>>> print(open('run_26.txt').read())   # compact mmCIF, N, CA and C atoms
# COMPACT_ATOMS: atom_id res chain seq x y z
N PRO A 183 1.06 -22.83 -5.20
CA PRO A 183 1.68 -24.13 -4.99
C PRO A 183 0.64 -25.23 -5.07
N GLY A 184 1.07 -26.35 -5.55
CA GLY A 184 0.22 -27.52 -5.64
C GLY A 184 1.08 -28.76 -5.56
N LYS A 185 0.50 -29.88 -5.86
CA LYS A 185 1.24 -31.15 -5.81
C LYS A 185 1.24 -31.74 -7.22
N ASN A 186 2.39 -32.30 -7.60
CA ASN A 186 2.44 -32.99 -8.89
C ASN A 186 1.96 -34.43 -8.71
N LYS A 187 2.05 -35.24 -9.75
CA LYS A 187 1.55 -36.62 -9.70
C LYS A 187 2.27 -37.46 -8.65
N LYS A 188 3.50 -37.10 -8.34
CA LYS A 188 4.28 -37.86 -7.36
C LYS A 188 4.09 -37.33 -5.94
N GLY A 189 3.22 -36.33 -5.78
CA GLY A 189 2.94 -35.80 -4.45
C GLY A 189 3.92 -34.74 -3.98
N LYS A 190 4.83 -34.33 -4.86
CA LYS A 190 5.80 -33.31 -4.48
C LYS A 190 5.22 -31.93 -4.72
N ASP A 191 5.64 -30.97 -3.86
CA ASP A 191 5.19 -29.59 -4.02
C ASP A 191 5.69 -29.02 -5.34
N THR A 192 4.85 -28.26 -6.01
CA THR A 192 5.24 -27.58 -7.24
C THR A 192 4.97 -26.09 -7.08
N HIS A 193 5.72 -25.32 -7.77
CA HIS A 193 5.55 -23.87 -7.75
C HIS A 193 5.53 -23.38 -9.19
N ALA A 194 4.90 -22.24 -9.39
CA ALA A 194 4.82 -21.70 -10.74
C ALA A 194 5.20 -20.23 -10.70
N ILE A 195 5.83 -19.80 -11.74
CA ILE A 195 6.14 -18.39 -11.92
C ILE A 195 5.12 -17.86 -12.92
N VAL A 196 4.47 -16.77 -12.56
CA VAL A 196 3.45 -16.19 -13.42
C VAL A 196 3.94 -14.83 -13.89
N PHE A 197 3.96 -14.63 -15.19
CA PHE A 197 4.30 -13.33 -15.77
C PHE A 197 2.99 -12.66 -16.15
N LEU A 198 2.82 -11.46 -15.68
CA LEU A 198 1.57 -10.75 -15.88
C LEU A 198 1.82 -9.51 -16.73
N ASP A 199 1.08 -9.41 -17.80
CA ASP A 199 1.14 -8.23 -18.66
C ASP A 199 -0.22 -7.54 -18.57
N ALA A 200 -0.23 -6.35 -17.96
CA ALA A 200 -1.49 -5.63 -17.77
C ALA A 200 -2.02 -5.11 -19.10
N GLY A 201 -1.21 -5.07 -20.13
CA GLY A 201 -1.66 -4.64 -21.44
C GLY A 201 -1.84 -3.14 -21.57
N LEU A 202 -1.35 -2.39 -20.63
CA LEU A 202 -1.47 -0.94 -20.67
C LEU A 202 -0.07 -0.34 -20.78
N ALA A 203 0.11 0.52 -21.73
CA ALA A 203 1.41 1.14 -21.93
C ALA A 203 1.22 2.62 -22.22
N VAL A 204 2.22 3.40 -21.83
CA VAL A 204 2.14 4.83 -22.06
C VAL A 204 3.54 5.35 -22.34
N SER A 205 3.62 6.33 -23.19
CA SER A 205 4.88 6.99 -23.48
C SER A 205 4.72 8.45 -23.05
N LEU A 206 5.63 8.91 -22.23
CA LEU A 206 5.53 10.27 -21.70
C LEU A 206 6.42 11.23 -22.48
N LEU A 207 5.87 12.39 -22.78
CA LEU A 207 6.68 13.47 -23.35
C LEU A 207 7.58 14.01 -22.25
N PRO A 208 8.69 14.66 -22.60
CA PRO A 208 9.60 15.16 -21.56
C PRO A 208 8.92 16.04 -20.50
N ASN A 209 7.99 16.90 -20.91
CA ASN A 209 7.30 17.75 -19.96
C ASN A 209 6.41 16.93 -19.01
N ASP A 210 5.72 15.93 -19.56
CA ASP A 210 4.88 15.06 -18.74
C ASP A 210 5.73 14.23 -17.78
N ARG A 211 6.87 13.78 -18.26
CA ARG A 211 7.79 13.01 -17.42
C ARG A 211 8.26 13.85 -16.24
N GLN A 212 8.59 15.12 -16.50
CA GLN A 212 9.03 16.01 -15.42
C GLN A 212 7.90 16.26 -14.43
N ASN A 213 6.68 16.45 -14.93
CA ASN A 213 5.53 16.64 -14.05
C ASN A 213 5.31 15.44 -13.14
N LEU A 214 5.44 14.24 -13.71
CA LEU A 214 5.27 13.02 -12.93
C LEU A 214 6.38 12.88 -11.89
N ARG A 215 7.60 13.18 -12.27
CA ARG A 215 8.72 13.15 -11.31
C ARG A 215 8.48 14.12 -10.15
N ASP A 216 8.08 15.34 -10.50
CA ASP A 216 7.84 16.35 -9.46
C ASP A 216 6.74 15.92 -8.51
N LEU A 217 5.68 15.34 -9.07
CA LEU A 217 4.57 14.87 -8.25
C LEU A 217 5.02 13.72 -7.34
N PHE A 218 5.70 12.73 -7.90
CA PHE A 218 6.16 11.61 -7.09
C PHE A 218 7.17 12.05 -6.03
N ARG A 219 8.01 13.01 -6.38
CA ARG A 219 8.98 13.52 -5.41
C ARG A 219 8.25 14.12 -4.20
N ALA A 220 7.23 14.92 -4.46
CA ALA A 220 6.46 15.52 -3.37
C ALA A 220 5.78 14.45 -2.53
N VAL A 221 5.25 13.41 -3.17
CA VAL A 221 4.59 12.34 -2.43
C VAL A 221 5.61 11.58 -1.57
N ILE A 222 6.75 11.24 -2.16
CA ILE A 222 7.77 10.49 -1.43
C ILE A 222 8.31 11.28 -0.25
N LEU A 223 8.44 12.60 -0.41
CA LEU A 223 8.96 13.45 0.68
C LEU A 223 7.86 13.85 1.67
N ASN A 224 6.67 13.27 1.52
CA ASN A 224 5.54 13.54 2.40
C ASN A 224 5.13 15.01 2.37
N GLU A 225 5.18 15.58 1.19
CA GLU A 225 4.77 16.98 0.97
C GLU A 225 3.47 16.96 0.16
N GLY A 226 2.43 16.41 0.77
CA GLY A 226 1.18 16.18 0.08
C GLY A 226 0.49 17.44 -0.40
N GLU A 227 0.51 18.49 0.42
CA GLU A 227 -0.16 19.72 -0.03
C GLU A 227 0.57 20.32 -1.23
N ASP A 228 1.89 20.20 -1.25
CA ASP A 228 2.65 20.65 -2.42
C ASP A 228 2.27 19.81 -3.64
N ALA A 229 2.08 18.50 -3.43
CA ALA A 229 1.67 17.62 -4.53
C ALA A 229 0.31 18.06 -5.07
N GLY A 230 -0.60 18.41 -4.18
CA GLY A 230 -1.92 18.88 -4.61
C GLY A 230 -1.84 20.16 -5.42
N ARG A 231 -1.01 21.10 -4.96
CA ARG A 231 -0.84 22.35 -5.71
C ARG A 231 -0.23 22.08 -7.08
N LEU A 232 0.76 21.18 -7.14
CA LEU A 232 1.36 20.82 -8.43
C LEU A 232 0.31 20.26 -9.38
N MET A 233 -0.58 19.42 -8.86
CA MET A 233 -1.61 18.83 -9.70
C MET A 233 -2.52 19.90 -10.29
N VAL A 234 -2.86 20.91 -9.48
CA VAL A 234 -3.73 21.99 -9.97
C VAL A 234 -2.96 22.85 -10.97
N GLU A 235 -1.74 23.25 -10.62
CA GLU A 235 -0.96 24.15 -11.47
C GLU A 235 -0.68 23.53 -12.84
N ARG A 236 -0.47 22.23 -12.89
CA ARG A 236 -0.05 21.60 -14.13
C ARG A 236 -1.17 20.86 -14.85
N ALA A 237 -2.37 20.96 -14.32
CA ALA A 237 -3.52 20.32 -14.99
C ALA A 237 -3.83 21.07 -16.27
N ARG A 238 -4.21 20.33 -17.30
CA ARG A 238 -4.58 20.96 -18.57
C ARG A 238 -5.90 21.70 -18.42
N TYR A 239 -6.73 21.20 -17.52
CA TYR A 239 -8.02 21.84 -17.27
C TYR A 239 -8.33 21.69 -15.79
N GLU A 240 -8.74 22.77 -15.16
CA GLU A 240 -9.19 22.72 -13.78
C GLU A 240 -10.09 23.91 -13.50
N ARG A 241 -11.07 23.68 -12.65
CA ARG A 241 -11.97 24.75 -12.24
C ARG A 241 -11.79 25.04 -10.75
N CYS A 242 -10.89 24.34 -10.15
CA CYS A 242 -10.62 24.44 -8.72
C CYS A 242 -10.22 25.86 -8.32
N SER A 243 -9.39 26.50 -9.11
CA SER A 243 -8.88 27.83 -8.78
C SER A 243 -9.94 28.91 -8.93
N GLN A 244 -11.05 28.59 -9.57
CA GLN A 244 -12.12 29.57 -9.76
C GLN A 244 -13.05 29.64 -8.55
N VAL A 245 -12.90 28.71 -7.63
CA VAL A 245 -13.71 28.68 -6.42
C VAL A 245 -12.86 29.16 -5.26
N GLU A 246 -13.38 30.08 -4.48
CA GLU A 246 -12.61 30.60 -3.35
C GLU A 246 -12.25 29.46 -2.40
N GLY A 247 -10.95 29.33 -2.13
CA GLY A 247 -10.46 28.27 -1.26
C GLY A 247 -10.39 26.91 -1.90
N GLY A 248 -10.69 26.83 -3.20
CA GLY A 248 -10.72 25.54 -3.89
C GLY A 248 -9.37 24.86 -3.96
N VAL A 249 -8.34 25.62 -4.32
CA VAL A 249 -6.99 25.04 -4.43
C VAL A 249 -6.53 24.56 -3.06
N GLU A 250 -6.79 25.35 -2.03
CA GLU A 250 -6.37 24.99 -0.67
C GLU A 250 -7.11 23.73 -0.21
N ALA A 251 -8.41 23.65 -0.50
CA ALA A 251 -9.19 22.47 -0.09
C ALA A 251 -8.69 21.22 -0.81
N PHE A 252 -8.43 21.34 -2.11
CA PHE A 252 -7.92 20.20 -2.87
C PHE A 252 -6.55 19.79 -2.35
N SER A 253 -5.66 20.77 -2.16
CA SER A 253 -4.30 20.48 -1.69
C SER A 253 -4.32 19.85 -0.31
N LYS A 254 -5.21 20.32 0.55
CA LYS A 254 -5.32 19.76 1.90
C LYS A 254 -5.79 18.30 1.81
N GLY A 255 -6.76 18.02 0.93
CA GLY A 255 -7.24 16.65 0.74
C GLY A 255 -6.13 15.73 0.26
N VAL A 256 -5.35 16.19 -0.71
CA VAL A 256 -4.22 15.38 -1.20
C VAL A 256 -3.20 15.21 -0.07
N GLY A 257 -2.97 16.26 0.69
CA GLY A 257 -2.03 16.19 1.81
C GLY A 257 -2.44 15.13 2.82
N GLN A 258 -3.73 15.05 3.12
CA GLN A 258 -4.22 14.04 4.07
C GLN A 258 -3.99 12.63 3.53
N LEU A 259 -4.24 12.44 2.24
CA LEU A 259 -4.03 11.12 1.64
C LEU A 259 -2.56 10.73 1.64
N VAL A 260 -1.69 11.68 1.34
CA VAL A 260 -0.25 11.40 1.34
C VAL A 260 0.22 11.07 2.75
N SER A 261 -0.27 11.81 3.74
CA SER A 261 0.09 11.52 5.14
C SER A 261 -0.39 10.13 5.55
N GLU A 262 -1.60 9.78 5.12
CA GLU A 262 -2.14 8.45 5.43
C GLU A 262 -1.26 7.37 4.80
N PHE A 263 -0.83 7.60 3.57
CA PHE A 263 0.07 6.65 2.90
C PHE A 263 1.34 6.46 3.72
N HIS A 264 1.94 7.55 4.15
CA HIS A 264 3.19 7.46 4.91
C HIS A 264 2.98 6.81 6.27
N ASP A 265 1.84 7.06 6.91
CA ASP A 265 1.54 6.40 8.18
C ASP A 265 1.40 4.90 7.99
N ASN A 266 0.69 4.48 6.94
CA ASN A 266 0.52 3.05 6.65
C ASN A 266 1.82 2.40 6.19
N ARG A 267 2.66 3.16 5.50
CA ARG A 267 3.93 2.63 4.99
C ARG A 267 4.83 2.16 6.12
N LYS A 268 4.70 2.77 7.29
CA LYS A 268 5.53 2.40 8.44
C LYS A 268 5.26 0.96 8.87
N LYS A 269 4.07 0.43 8.51
CA LYS A 269 3.72 -0.95 8.84
C LYS A 269 4.39 -1.93 7.88
N GLY A 270 4.98 -1.44 6.82
CA GLY A 270 5.63 -2.28 5.82
C GLY A 270 4.96 -2.08 4.47
N LEU A 271 5.73 -2.27 3.42
CA LEU A 271 5.19 -2.09 2.06
C LEU A 271 4.58 -3.40 1.57
N THR A 272 3.38 -3.69 2.07
CA THR A 272 2.66 -4.87 1.63
C THR A 272 1.30 -4.43 1.09
N LEU A 273 0.70 -5.26 0.26
CA LEU A 273 -0.62 -4.93 -0.27
C LEU A 273 -1.64 -4.75 0.85
N GLY A 274 -1.48 -5.52 1.93
CA GLY A 274 -2.41 -5.42 3.04
C GLY A 274 -2.29 -4.14 3.82
N SER A 275 -1.08 -3.62 3.96
CA SER A 275 -0.89 -2.42 4.79
C SER A 275 -1.06 -1.12 4.02
N ILE A 276 -0.79 -1.11 2.74
CA ILE A 276 -0.81 0.14 1.99
C ILE A 276 -2.17 0.45 1.38
N GLY A 277 -2.80 -0.49 0.71
CA GLY A 277 -4.08 -0.22 0.07
C GLY A 277 -3.98 0.88 -0.98
N ILE A 278 -3.00 0.75 -1.86
CA ILE A 278 -2.73 1.81 -2.83
C ILE A 278 -3.92 2.05 -3.75
N GLY A 279 -4.66 1.01 -4.08
CA GLY A 279 -5.83 1.18 -4.94
C GLY A 279 -6.87 2.08 -4.32
N SER A 280 -7.11 1.88 -3.04
CA SER A 280 -8.07 2.72 -2.33
C SER A 280 -7.59 4.17 -2.28
N LEU A 281 -6.31 4.36 -1.99
CA LEU A 281 -5.77 5.72 -1.95
C LEU A 281 -5.85 6.40 -3.31
N LEU A 282 -5.49 5.69 -4.36
CA LEU A 282 -5.56 6.27 -5.70
C LEU A 282 -7.01 6.57 -6.10
N GLY A 283 -7.92 5.69 -5.71
CA GLY A 283 -9.33 5.95 -5.97
C GLY A 283 -9.81 7.22 -5.28
N ARG A 284 -9.32 7.44 -4.07
CA ARG A 284 -9.69 8.65 -3.33
C ARG A 284 -9.08 9.90 -3.96
N VAL A 285 -7.88 9.75 -4.53
CA VAL A 285 -7.28 10.89 -5.25
C VAL A 285 -8.13 11.23 -6.47
N LEU A 286 -8.55 10.20 -7.21
CA LEU A 286 -9.40 10.43 -8.37
C LEU A 286 -10.72 11.08 -7.95
N ASP A 287 -11.26 10.67 -6.81
CA ASP A 287 -12.50 11.28 -6.33
C ASP A 287 -12.28 12.75 -5.98
N LEU A 288 -11.16 13.07 -5.34
CA LEU A 288 -10.84 14.48 -5.06
C LEU A 288 -10.77 15.27 -6.36
N CYS A 289 -10.15 14.70 -7.37
CA CYS A 289 -10.04 15.38 -8.67
C CYS A 289 -11.42 15.61 -9.27
N ARG A 290 -12.29 14.64 -9.13
CA ARG A 290 -13.65 14.79 -9.65
C ARG A 290 -14.41 15.88 -8.90
N VAL A 291 -14.35 15.84 -7.59
CA VAL A 291 -15.09 16.81 -6.77
C VAL A 291 -14.59 18.24 -7.01
N HIS A 292 -13.28 18.39 -7.10
CA HIS A 292 -12.68 19.73 -7.25
C HIS A 292 -12.44 20.10 -8.71
N GLN A 293 -12.82 19.22 -9.62
CA GLN A 293 -12.71 19.45 -11.05
C GLN A 293 -11.27 19.77 -11.49
N VAL A 294 -10.38 18.87 -11.11
CA VAL A 294 -8.98 18.95 -11.54
C VAL A 294 -8.75 17.77 -12.48
N GLU A 295 -8.47 18.07 -13.76
CA GLU A 295 -8.30 17.02 -14.75
C GLU A 295 -6.97 16.30 -14.53
N ILE A 296 -7.04 15.00 -14.63
CA ILE A 296 -5.84 14.17 -14.54
C ILE A 296 -5.28 14.00 -15.95
N ASP A 297 -3.98 14.13 -16.07
CA ASP A 297 -3.32 13.90 -17.35
C ASP A 297 -3.60 12.46 -17.80
N PRO A 298 -3.86 12.24 -19.07
CA PRO A 298 -4.16 10.88 -19.54
C PRO A 298 -3.07 9.86 -19.20
N ALA A 299 -1.81 10.26 -19.27
CA ALA A 299 -0.72 9.33 -18.92
C ALA A 299 -0.80 8.95 -17.45
N MET A 300 -1.13 9.91 -16.59
CA MET A 300 -1.26 9.63 -15.16
C MET A 300 -2.47 8.73 -14.91
N ALA A 301 -3.56 8.98 -15.63
CA ALA A 301 -4.74 8.14 -15.48
C ALA A 301 -4.41 6.70 -15.88
N ASN A 302 -3.62 6.52 -16.92
CA ASN A 302 -3.21 5.18 -17.35
C ASN A 302 -2.38 4.50 -16.27
N ILE A 303 -1.49 5.24 -15.62
CA ILE A 303 -0.68 4.69 -14.54
C ILE A 303 -1.57 4.27 -13.37
N VAL A 304 -2.54 5.11 -13.04
CA VAL A 304 -3.47 4.80 -11.94
C VAL A 304 -4.25 3.53 -12.27
N ILE A 305 -4.79 3.44 -13.48
CA ILE A 305 -5.58 2.26 -13.87
C ILE A 305 -4.71 1.01 -13.86
N SER A 306 -3.48 1.11 -14.37
CA SER A 306 -2.57 -0.03 -14.35
C SER A 306 -2.30 -0.49 -12.93
N THR A 307 -2.09 0.46 -12.03
CA THR A 307 -1.82 0.14 -10.63
C THR A 307 -3.02 -0.56 -9.99
N LEU A 308 -4.23 -0.05 -10.27
CA LEU A 308 -5.44 -0.66 -9.73
C LEU A 308 -5.61 -2.10 -10.23
N VAL A 309 -5.38 -2.31 -11.53
CA VAL A 309 -5.50 -3.65 -12.10
C VAL A 309 -4.48 -4.58 -11.46
N LEU A 310 -3.24 -4.14 -11.38
CA LEU A 310 -2.19 -5.01 -10.83
C LEU A 310 -2.40 -5.29 -9.35
N GLU A 311 -2.86 -4.29 -8.60
CA GLU A 311 -3.13 -4.53 -7.18
C GLU A 311 -4.25 -5.55 -7.01
N GLY A 312 -5.31 -5.38 -7.79
CA GLY A 312 -6.42 -6.33 -7.72
C GLY A 312 -5.98 -7.75 -8.04
N LEU A 313 -5.18 -7.89 -9.07
CA LEU A 313 -4.68 -9.23 -9.42
C LEU A 313 -3.74 -9.76 -8.34
N GLY A 314 -2.90 -8.89 -7.79
CA GLY A 314 -1.98 -9.30 -6.72
C GLY A 314 -2.74 -9.79 -5.50
N ARG A 315 -3.82 -9.14 -5.17
CA ARG A 315 -4.61 -9.55 -4.01
C ARG A 315 -5.34 -10.87 -4.26
N SER A 316 -5.66 -11.15 -5.53
CA SER A 316 -6.41 -12.38 -5.83
C SER A 316 -5.50 -13.61 -5.91
N LEU A 317 -4.20 -13.42 -5.99
CA LEU A 317 -3.28 -14.57 -6.11
C LEU A 317 -3.01 -15.24 -4.79
>>> encode(input="run_26.txt", output="structure tokens")
Amino acid sequence: PGKNKKGKDTHAIVFLDAGLAVSLLPNDRQNLRDLFRAVILNEGEDAGRLMVERARYERCSQVEGGVEAFSKGVGQLVSEFHDNRKKGLTLGSIGIGSLLGRVLDLCRVHQVEIDPAMANIVISTLVLEGLGRSL
């Protein structure tokens, strides 16, 4: 908001195009639905197992307890999201960028490859959250 030449309040509508687009194959779309369903239902460890099972490449299962450790880490992040969500769905209370960054870090540590379409969604979300916080 600002003031025009006559001193009246003005408002602007801003349309934001992140410039990132992705097209999902039916199998990828189903994987994304299954993952989001587990997250929404607060079944984080199931979401972690789905990520390992459906990854194109992962070394997590080759380490004793690796899948369980990864799934537990994802479960903690999903629980944290649901705990913060109770405060309201605002950029200040959720911190989705931080949570997604921690998911990516878990994937790096446990060597679970993220599908390129999912990585694009994560990057788009991070960009949009950052811009939303700066407005």
>>> residues_around(input="run_26.txt", residues="A:Arg284", least_positions_apart="2", cutoff="12 Å", atoms="only C-alpha atoms", output="PyMOL selection string")
chain A and resi 252+255-260+262-263+277-282+286-291+304
>>> atom_distance(input="run_26.txt", atom1="atom N of A:Met300", atom2="atom CA of A:Lys268")
27.0 Å
>>> atom_distance(input="run_26.txt", atom1="atom CA of A:Arg231", atom2="atom N of A:Asp297")
13.6 Å
>>> atom_distance(input="run_26.txt", atom1="atom CA of A:Leu313", atom2="atom CA of A:Gly283")
16.2 Å
>>> closest_residue(input="run_26.txt", among="A:Val204, A:Leu310, A:Val234, A:Ile305", to="A:Val249", atoms="only C-alpha atoms")
A:Val234
>>> select_by_dssp(input="run_26.txt", residues="chain A", states="alpha helix (DSSP H)", output="number ranges by chain")
A: 208-222, 226-236, 248-267, 273-276, 278-292, 298-316
>>> decode(input="run_26.txt", residues="stretch 277-302 of chain A", atoms="N, CA and C atoms", output="PDB file, in the first residue's frame")
ATOM      1  N   GLY A 277       6.778 -22.284   8.307  1.00  0.00           N
ATOM      2  CA  GLY A 277       8.177 -22.379   7.901  1.00  0.00           C
ATOM      3  C   GLY A 277       8.421 -23.544   6.950  1.00  0.00           C
ATOM      4  N   ILE A 278       7.600 -23.621   5.915  1.00  0.00           N
ATOM      5  CA  ILE A 278       7.651 -24.761   4.999  1.00  0.00           C
ATOM      6  C   ILE A 278       9.007 -24.865   4.306  1.00  0.00           C
ATOM      7  N   GLY A 279       9.638 -23.745   4.016  1.00  0.00           N
ATOM      8  CA  GLY A 279      10.943 -23.780   3.369  1.00  0.00           C
ATOM      9  C   GLY A 279      11.985 -24.474   4.223  1.00  0.00           C
ATOM     10  N   SER A 280      11.968 -24.168   5.504  1.00  0.00           N
ATOM     11  CA  SER A 280      12.898 -24.800   6.430  1.00  0.00           C
ATOM     12  C   SER A 280      12.638 -26.304   6.523  1.00  0.00           C
ATOM     13  N   LEU A 281      11.364 -26.672   6.615  1.00  0.00           N
ATOM     14  CA  LEU A 281      11.024 -28.099   6.682  1.00  0.00           C
ATOM     15  C   LEU A 281      11.438 -28.837   5.419  1.00  0.00           C
ATOM     16  N   LEU A 282      11.167 -28.246   4.263  1.00  0.00           N
ATOM     17  CA  LEU A 282      11.545 -28.891   3.008  1.00  0.00           C
ATOM     18  C   LEU A 282      13.065 -28.979   2.873  1.00  0.00           C
ATOM     19  N   GLY A 283      13.759 -27.954   3.330  1.00  0.00           N
ATOM     20  CA  GLY A 283      15.219 -28.003   3.322  1.00  0.00           C
ATOM     21  C   GLY A 283      15.746 -29.137   4.190  1.00  0.00           C
ATOM     22  N   ARG A 284      15.095 -29.367   5.320  1.00  0.00           N
ATOM     23  CA  ARG A 284      15.508 -30.457   6.202  1.00  0.00           C
ATOM     24  C   ARG A 284      15.196 -31.821   5.592  1.00  0.00           C
ATOM     25  N   VAL A 285      14.100 -31.894   4.826  1.00  0.00           N
ATOM     26  CA  VAL A 285      13.804 -33.148   4.113  1.00  0.00           C
ATOM     27  C   VAL A 285      14.895 -33.421   3.084  1.00  0.00           C
ATOM     28  N   LEU A 286      15.280 -32.384   2.338  1.00  0.00           N
ATOM     29  CA  LEU A 286      16.348 -32.553   1.355  1.00  0.00           C
ATOM     30  C   LEU A 286      17.656 -32.960   2.030  1.00  0.00           C
ATOM     31  N   ASP A 287      17.922 -32.410   3.199  1.00  0.00           N
ATOM     32  CA  ASP A 287      19.132 -32.783   3.928  1.00  0.00           C
ATOM     33  C   ASP A 287      19.077 -34.248   4.358  1.00  0.00           C
ATOM     34  N   LEU A 288      17.916 -34.697   4.835  1.00  0.00           N
ATOM     35  CA  LEU A 288      17.758 -36.123   5.176  1.00  0.00           C
ATOM     36  C   LEU A 288      18.027 -36.994   3.954  1.00  0.00           C
ATOM     37  N   CYS A 289      17.512 -36.587   2.814  1.00  0.00           N
ATOM     38  CA  CYS A 289      17.731 -37.351   1.576  1.00  0.00           C
ATOM     39  C   CYS A 289      19.210 -37.395   1.224  1.00  0.00           C
ATOM     40  N   ARG A 290      19.895 -36.299   1.422  1.00  0.00           N
ATOM     41  CA  ARG A 290      21.330 -36.261   1.136  1.00  0.00           C
ATOM     42  C   ARG A 290      22.097 -37.180   2.086  1.00  0.00           C
ATOM     43  N   VAL A 291      21.813 -37.072   3.369  1.00  0.00           N
ATOM     44  CA  VAL A 291      22.533 -37.863   4.374  1.00  0.00           C
ATOM     45  C   VAL A 291      22.295 -39.360   4.172  1.00  0.00           C
ATOM     46  N   HIS A 292      21.047 -39.724   3.889  1.00  0.00           N
ATOM     47  CA  HIS A 292      20.689 -41.142   3.755  1.00  0.00           C
ATOM     48  C   HIS A 292      20.750 -41.629   2.311  1.00  0.00           C
ATOM     49  N   GLN A 293      21.150 -40.760   1.409  1.00  0.00           N
ATOM     50  CA  GLN A 293      21.325 -41.082   0.002  1.00  0.00           C
ATOM     51  C   GLN A 293      20.047 -41.646  -0.637  1.00  0.00           C
ATOM     52  N   VAL A 294      18.977 -40.876  -0.483  1.00  0.00           N
ATOM     53  CA  VAL A 294      17.701 -41.198  -1.127  1.00  0.00           C
ATOM     54  C   VAL A 294      17.471 -40.131  -2.186  1.00  0.00           C
ATOM     55  N   GLU A 295      17.464 -40.546  -3.455  1.00  0.00           N
ATOM     56  CA  GLU A 295      17.312 -39.594  -4.552  1.00  0.00           C
ATOM     57  C   GLU A 295      15.874 -39.076  -4.605  1.00  0.00           C
ATOM     58  N   ILE A 296      15.774 -37.784  -4.801  1.00  0.00           N
ATOM     59  CA  ILE A 296      14.467 -37.149  -4.974  1.00  0.00           C
ATOM     60  C   ILE A 296      14.143 -37.149  -6.467  1.00  0.00           C
ATOM     61  N   ASP A 297      12.915 -37.491  -6.789  1.00  0.00           N
ATOM     62  CA  ASP A 297      12.454 -37.438  -8.173  1.00  0.00           C
ATOM     63  C   ASP A 297      12.598 -36.004  -8.684  1.00  0.00           C
ATOM     64  N   PRO A 298      13.046 -35.817  -9.917  1.00  0.00           N
ATOM     65  CA  PRO A 298      13.221 -34.458 -10.445  1.00  0.00           C
ATOM     66  C   PRO A 298      11.948 -33.603 -10.370  1.00  0.00           C
ATOM     67  N   ALA A 299      10.791 -34.197 -10.605  1.00  0.00           N
ATOM     68  CA  ALA A 299       9.542 -33.435 -10.517  1.00  0.00           C
ATOM     69  C   ALA A 299       9.309 -32.956  -9.083  1.00  0.00           C
ATOM     70  N   MET A 300       9.617 -33.804  -8.108  1.00  0.00           N
ATOM     71  CA  MET A 300       9.459 -33.427  -6.707  1.00  0.00           C
ATOM     72  C   MET A 300      10.465 -32.335  -6.344  1.00  0.00           C
ATOM     73  N   ALA A 301      11.686 -32.457  -6.850  1.00  0.00           N
ATOM     74  CA  ALA A 301      12.693 -31.430  -6.587  1.00  0.00           C
ATOM     75  C   ALA A 301      12.231 -30.087  -7.150  1.00  0.00           C
ATOM     76  N   ASN A 302      11.611 -30.091  -8.314  1.00  0.00           N
ATOM     77  CA  ASN A 302      11.095 -28.866  -8.917  1.00  0.00           C
ATOM     78  C   ASN A 302      10.007 -28.253  -8.042  1.00  0.00           C
TER      79      ASN A 302
END
